[in-house]
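structure.pdb (PDB, C-alpha atoms) appears below.
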ATOM      1  CA  MET A   1     134.379 116.943 178.452
ATOM      2  CA  ASN A   2     132.219 115.398 175.814
ATOM      3  CA  ALA A   3     129.507 117.163 173.891
ATOM      4  CA  HIS A   4     126.637 115.138 175.350
ATOM      5  CA  SER A   5     124.761 115.180 178.627
ATOM      6  CA  THR A   6     125.961 112.745 181.233
ATOM      7  CA  SER A   7     124.410 111.470 184.410
ATOM      8  CA  GLU A   8     127.470 112.707 186.312
ATOM      9  CA  ALA A   9     127.079 116.271 187.536
ATOM     10  CA  SER A  10     129.744 118.937 187.156
ATOM     11  CA  GLU A  11     130.026 122.169 189.081
ATOM     12  CA  ALA A  12     129.960 125.284 186.924
ATOM     13  CA  TYR A  13     130.151 129.014 187.646
ATOM     14  CA  ILE A  14     128.028 131.556 185.786
ATOM     15  CA  ALA A  15     128.289 135.355 185.855
ATOM     16  CA  LEU A  16     125.058 137.353 185.617
ATOM     17  CA  GLY A  17     124.710 141.043 184.840
ATOM     18  CA  ALA A  18     121.842 143.437 184.109
ATOM     19  CA  ASN A  19     121.606 147.191 183.577
ATOM     20  CA  LEU A  20     118.213 147.747 181.923
ATOM     21  CA  GLY A  21     114.750 147.471 183.432
ATOM     22  CA  GLU A  22     114.198 145.919 186.849
ATOM     23  CA  ARG A  23     117.784 144.720 187.205
ATOM     24  CA  GLU A  24     117.461 142.781 190.464
ATOM     25  CA  HIS A  25     114.191 141.142 189.445
ATOM     26  CA  THR A  26     115.680 140.070 186.111
ATOM     27  CA  LEU A  27     118.714 138.530 187.820
ATOM     28  CA  TYR A  28     116.428 136.471 190.057
ATOM     29  CA  GLU A  29     114.314 135.457 187.056
ATOM     30  CA  ALA A  30     117.471 134.187 185.352
ATOM     31  CA  ILE A  31     118.525 132.202 188.437
ATOM     32  CA  THR A  32     115.054 130.677 188.679
ATOM     33  CA  ALA A  33     115.120 129.772 184.969
ATOM     34  CA  LEU A  34     118.491 128.074 185.410
ATOM     35  CA  ASP A  35     117.266 126.114 188.416
ATOM     36  CA  GLU A  36     114.055 125.042 186.664
ATOM     37  CA  HIS A  37     116.019 123.178 183.973
ATOM     38  CA  PRO A  38     116.062 119.449 184.857
ATOM     39  CA  GLY A  39     119.814 119.263 184.227
ATOM     40  CA  ILE A  40     120.776 122.291 186.358
ATOM     41  CA  ARG A  41     120.568 122.920 190.096
ATOM     42  CA  VAL A  42     121.626 126.267 191.544
ATOM     43  CA  LEU A  43     123.876 125.629 194.543
ATOM     44  CA  ARG A  44     125.066 129.066 195.689
ATOM     45  CA  CYS A  45     124.637 132.702 194.717
ATOM     46  CA  SER A  46     126.916 135.623 195.461
ATOM     47  CA  SER A  47     125.889 138.984 196.772
ATOM     48  CA  LEU A  48     124.666 141.496 194.188
ATOM     49  CA  TYR A  49     127.080 144.306 193.310
ATOM     50  CA  GLU A  50     126.443 147.573 191.516
ATOM     51  CA  THR A  51     129.231 148.181 189.038
ATOM     52  CA  GLU A  52     130.297 150.816 186.566
ATOM     53  CA  PRO A  53     130.080 149.851 182.882
ATOM     54  CA  VAL A  54     133.252 148.604 181.195
ATOM     55  CA  GLY A  55     134.080 149.139 177.521
ATOM     56  CA  TYR A  56     130.989 150.992 176.299
ATOM     57  CA  LEU A  57     130.617 153.638 179.025
ATOM     58  CA  ASP A  58     127.488 155.553 177.922
ATOM     59  CA  GLN A  59     125.014 153.298 179.736
ATOM     60  CA  PRO A  60     123.497 152.729 183.190
ATOM     61  CA  SER A  61     125.308 150.943 186.011
ATOM     62  CA  PHE A  62     125.069 147.172 186.197
ATOM     63  CA  LEU A  63     124.042 144.776 188.897
ATOM     64  CA  ASN A  64     126.427 141.824 188.770
ATOM     65  CA  MET A  65     126.537 138.528 190.602
ATOM     66  CA  THR A  66     127.623 134.926 190.138
ATOM     67  CA  VAL A  67     126.049 131.548 190.791
ATOM     68  CA  ALA A  68     127.475 128.076 191.255
ATOM     69  CA  VAL A  69     125.428 125.331 189.658
ATOM     70  CA  SER A  70     125.541 121.569 189.531
ATOM     71  CA  THR A  71     124.764 120.378 186.015
ATOM     72  CA  THR A  72     124.569 117.186 184.000
ATOM     73  CA  LEU A  73     124.758 119.242 180.792
ATOM     74  CA  ALA A  74     127.880 119.441 178.674
ATOM     75  CA  PRO A  75     129.376 122.967 178.506
ATOM     76  CA  GLU A  76     127.950 123.616 175.031
ATOM     77  CA  GLU A  77     124.456 122.497 176.125
ATOM     78  CA  LEU A  78     124.625 124.718 179.198
ATOM     79  CA  LEU A  79     125.629 127.666 177.011
ATOM     80  CA  VAL A  80     122.716 127.039 174.629
ATOM     81  CA  TYR A  81     120.288 127.049 177.547
ATOM     82  CA  MET A  82     121.858 130.217 178.995
ATOM     83  CA  LEU A  83     121.373 131.965 175.636
ATOM     84  CA  GLU A  84     117.726 130.808 175.616
ATOM     85  CA  VAL A  85     117.254 132.341 179.080
ATOM     86  CA  GLU A  86     118.813 135.614 177.896
ATOM     87  CA  SER A  87     116.461 135.694 174.916
ATOM     88  CA  ARG A  88     113.403 134.894 177.045
ATOM     89  CA  LEU A  89     114.318 137.765 179.379
ATOM     90  CA  GLY A  90     114.587 140.299 176.551
ATOM     91  CA  ARG A  91     118.308 140.328 175.725
ATOM     92  CA  VAL A  92     119.109 141.988 172.414
ATOM     93  CA  ARG A  93     122.602 142.445 171.015
ATOM     94  CA  HIS A  94     122.911 145.834 169.294
ATOM     95  CA  ILE A  95     126.120 147.287 170.753
ATOM     96  CA  PRO A  96     129.078 145.147 171.884
ATOM     97  CA  ASN A  97     129.353 145.502 175.689
ATOM     98  CA  GLY A  98     126.275 147.727 175.517
ATOM     99  CA  PRO A  99     123.183 147.943 177.708
ATOM    100  CA  ARG A 100     121.286 144.723 178.317
ATOM    101  CA  THR A 101     118.391 143.323 180.301
ATOM    102  CA  ILE A 102     120.491 140.272 181.197
ATOM    103  CA  ASP A 103     123.875 138.788 180.418
ATOM    104  CA  LEU A 104     124.875 135.248 181.366
ATOM    105  CA  ASP A 105     128.496 134.129 180.942
ATOM    106  CA  LEU A 106     129.752 130.616 181.575
ATOM    107  CA  LEU A 107     132.989 131.228 183.456
ATOM    108  CA  TRP A 108     134.317 127.890 184.629
ATOM    109  CA  MET A 109     133.339 124.254 184.580
ATOM    110  CA  GLU A 110     135.542 122.030 186.753
ATOM    111  CA  ALA A 111     138.774 123.251 185.139
ATOM    112  CA  ALA A 112     137.582 122.168 181.677
ATOM    113  CA  GLN A 113     139.557 123.706 178.845
ATOM    114  CA  LEU A 114     137.574 124.279 175.699
ATOM    115  CA  ALA A 115     137.968 126.514 172.670
ATOM    116  CA  THR A 116     135.203 126.468 170.079
ATOM    117  CA  PRO A 117     133.789 129.289 167.955
ATOM    118  CA  ASP A 118     130.919 129.627 170.484
ATOM    119  CA  LEU A 119     132.539 128.876 173.833
ATOM    120  CA  GLU A 120     135.888 129.264 175.510
ATOM    121  CA  LEU A 121     136.556 127.772 178.949
ATOM    122  CA  PRO A 122     137.737 129.062 181.258
ATOM    123  CA  HIS A 123     136.127 132.365 180.218
ATOM    124  CA  PRO A 124     138.964 134.273 178.513
ATOM    125  CA  ARG A 125     138.395 137.599 180.335
ATOM    126  CA  MET A 126     137.098 136.539 183.740
ATOM    127  CA  LEU A 127     140.426 137.165 185.495
ATOM    128  CA  GLU A 128     140.585 140.720 184.068
ATOM    129  CA  ARG A 129     137.154 141.789 185.336
ATOM    130  CA  ALA A 130     136.690 142.907 188.915
ATOM    131  CA  PHE A 131     132.907 142.823 188.401
ATOM    132  CA  VAL A 132     133.267 139.046 187.861
ATOM    133  CA  LEU A 133     136.020 138.305 190.390
ATOM    134  CA  VAL A 134     134.447 140.071 193.388
ATOM    135  CA  PRO A 135     131.167 138.108 193.269
ATOM    136  CA  LEU A 136     132.976 134.910 192.252
ATOM    137  CA  ALA A 137     135.139 135.179 195.372
ATOM    138  CA  ASP A 138     131.881 135.093 197.397
ATOM    139  CA  ILE A 139     130.948 131.589 196.270
ATOM    140  CA  VAL A 140     134.074 129.594 195.377
ATOM    141  CA  PRO A 141     134.884 127.385 198.373
ATOM    142  CA  ASN A 142     138.481 127.556 199.562
ATOM    143  CA  GLN A 143     138.734 123.763 199.325
ATOM    144  CA  ASP A 144     137.625 123.791 195.656
ATOM    145  CA  PRO A 145     139.406 120.818 194.037
ATOM    146  CA  SER A 146     139.663 122.514 190.623
ATOM    147  CA  GLY A 147     141.994 125.233 191.936
ATOM    148  CA  LEU A 148     139.553 128.030 191.122
ATOM    149  CA  TYR A 149     139.730 129.507 194.645
ATOM    150  CA  SER A 150     143.448 130.321 194.405
ATOM    151  CA  ILE A 151     143.094 131.492 190.773
ATOM    152  CA  VAL A 152     140.290 133.916 191.692
ATOM    153  CA  HIS A 153     141.970 135.292 194.814
ATOM    154  CA  THR A 154     145.343 135.736 193.082
ATOM    155  CA  ALA A 155     143.680 137.649 190.234
ATOM    156  CA  LEU A 156     141.561 139.681 192.658
ATOM    157  CA  ASN A 157     144.694 140.964 194.397
ATOM    158  CA  SER A 158     145.989 142.571 191.197
ATOM    159  CA  VAL A 159     142.911 143.449 189.113
ATOM    160  CA  ASP A 160     141.964 147.076 188.468
ATOM    161  CA  GLY A 161     138.450 148.422 188.964
ATOM    162  CA  LYS A 162     137.572 147.072 192.413
ATOM    163  CA  ASP A 163     136.837 150.616 193.607
ATOM    164  CA  GLY A 164     133.973 150.853 191.078
ATOM    165  CA  ILE A 165     132.147 147.922 192.678
ATOM    166  CA  GLN A 166     129.660 148.547 195.479
ATOM    167  CA  LEU A 167     127.807 145.907 197.471
ATOM    168  CA  TRP A 168     124.116 146.255 196.514
ATOM    169  CA  LYS A 169     122.656 143.542 198.744
ATOM    170  CA  THR A 170     123.050 139.916 199.681
ATOM    171  CA  CYS A 171     121.352 137.331 197.526
ATOM    172  CA  SER A 172     117.808 136.559 198.643
ATOM    173  CA  TRP A 173     117.049 133.934 195.999
ATOM    174  CA  ARG A 174     115.881 130.617 197.434
ATOM    175  CA  ASN A 175     114.556 127.343 196.192
ATOM    176  CA  ASP A 176     113.408 124.127 197.819
ATOM    177  CA  SER A 177     116.241 121.957 196.516
ATOM    178  CA  ALA A 178     119.140 124.173 197.556
ATOM    179  CA  PRO A 179     118.432 127.002 199.970
ATOM    180  CA  PHE A 180     121.044 129.749 199.978
ATOM    181  CA  GLY A 181     123.805 129.070 202.448
ATOM    182  CA  SER A 182     123.554 125.291 202.338
TER     183      SER A 182
END
Could you quickly redo this structure as structure tokens?
Amino acid sequence: MNAHSTSEASEAYIALGANLGEREHTLYEAITALDEHPGIRVLRCSSLYETEPVGYLDQPSFLNMTVAVSTTLAPEELLVYMLEVESRLGRVRHIPNGPRTIDLDLLWMEAAQLATPDLELPHPRMLERAFVLVPLADIVPNQDPSGLYSIVHTALNSVDGKDGIQLWKTCSWRNDSAPFGS
């Protein structure tokens, strides 16, 4: 993938998490902000799951979900916009893996492999995190040409921590260009 926007859209998967403030509302604000960008269209969203914190444990439970987007942005441009959304929604970085109003992670972009100081694709820890794999399994189609479906389901069969993930509710986010379920 090149470093510039193209007119050809790619499908990308983004993990979202929040454990401070109005968690559900903030997740929906982030999805709306993604969809409002002219180079991003939200295609599908997973259910929302309440999950136990990982790493830094002295913090509230998270709500986690994933979205599939179609984007004409290069991976680095998408990441920059995701960081802008985090900042707009009050994200501060004081403690690694600590509490946050919102966290957006670019997980996968059509099997692109990338390793820069700012971005690694596929996300280096996505297959180790049940709180990513469970919602990702909700939205990756089984006929996905990039092979992500089999990667996610293989990892999901062996990952630890699935028992700490509880279905919170199904996604109720909608927009005019891509209603949920289409």
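The nearest approach to Ser46 (chain A) among the residues A:Val140, A:Val67, A:Leu89, A:Leu83, with all atoms listed in the file taken into account, belongs to A:Val67.
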Discussion item. List the spatial neighbours of Thr71 (chain A) as a PyMOL selection string - criterion: any atom at most 7 Å away, all atoms listed in the file, same-chain residues fewer than 6 positions off excluded.
Written reply: chain A and resi 9-11+39-41
Practice prompt. Would you kindly translate the PyMOL selection byres ((chain A and resi 64) around 10) into the concrete residues it picks from this file, as a ChimeraX atom specification?
Written response: /A:15-19,23-24,27,46-51,61-63,65-66,102-103,131-132,134-135,165,167-168
Worksheet item: Could you write out as a VMD selection string the residues that the PyMOL selection byres ((chain A and resi 75) around 12) matches in the shown file?
Response: chain A and resid 1 to 6 9 to 14 39 to 40 70 to 74 76 to 82 105 to 116 118 to 123
Practice prompt. Could you expand the PyMOL selection byres ((chain A and resi 160) around 8) into the explicit residues it covers here, written as a PyMOL selection string?
Written response: chain A and resi 128-130+158-159+161-162
Worksheet item: Near Ile139 (chain A), counting only C-alpha atoms, which residues have an atom at most 7 Å away, once you skip same-chain residues fewer than 2 positions from it, shown as a VMD selection string?
Response: chain A and resid 44 to 46 136 to 137 141
Give me a file of those residues, with C-alpha atoms, as a compact mmCIF listing (two decimals), keeping the file's coordinate frame.
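Below is the file again_7.txt, written as the result:
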# COMPACT_ATOMS: atom_id res chain seq x y z
CA ARG A 44 125.07 129.07 195.69
CA CYS A 45 124.64 132.70 194.72
CA SER A 46 126.92 135.62 195.46
CA LEU A 136 132.98 134.91 192.25
CA ALA A 137 135.14 135.18 195.37
CA PRO A 141 134.88 127.38 198.37
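Proximity to Cys171 (chain A) was assessed for A:Ile31, A:Leu20, A:Leu156, A:Val85 counting only C-alpha atoms; the smallest distance is recorded for A:Ile31.
From CA of Asp138 (chain A) back to CA of Ala30 (chain A), the distance works out to 18.8 Å.
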Discussion item. One decimal, in Å: what's the spacing between CA of Gln143 (chain A) and CA of Gln166 (chain A)?
Written reply: 26.7 Å
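Relative to CA of Ser87 (chain A), CA of Asp35 (chain A) is found at 16.6 Å.
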Worksheet item: Pick from A:His25, A:Ser150, A:Thr170, A:Pro99: nearest to Gln59 (chain A), with all atoms listed in the file counted?
Response: A:Pro99
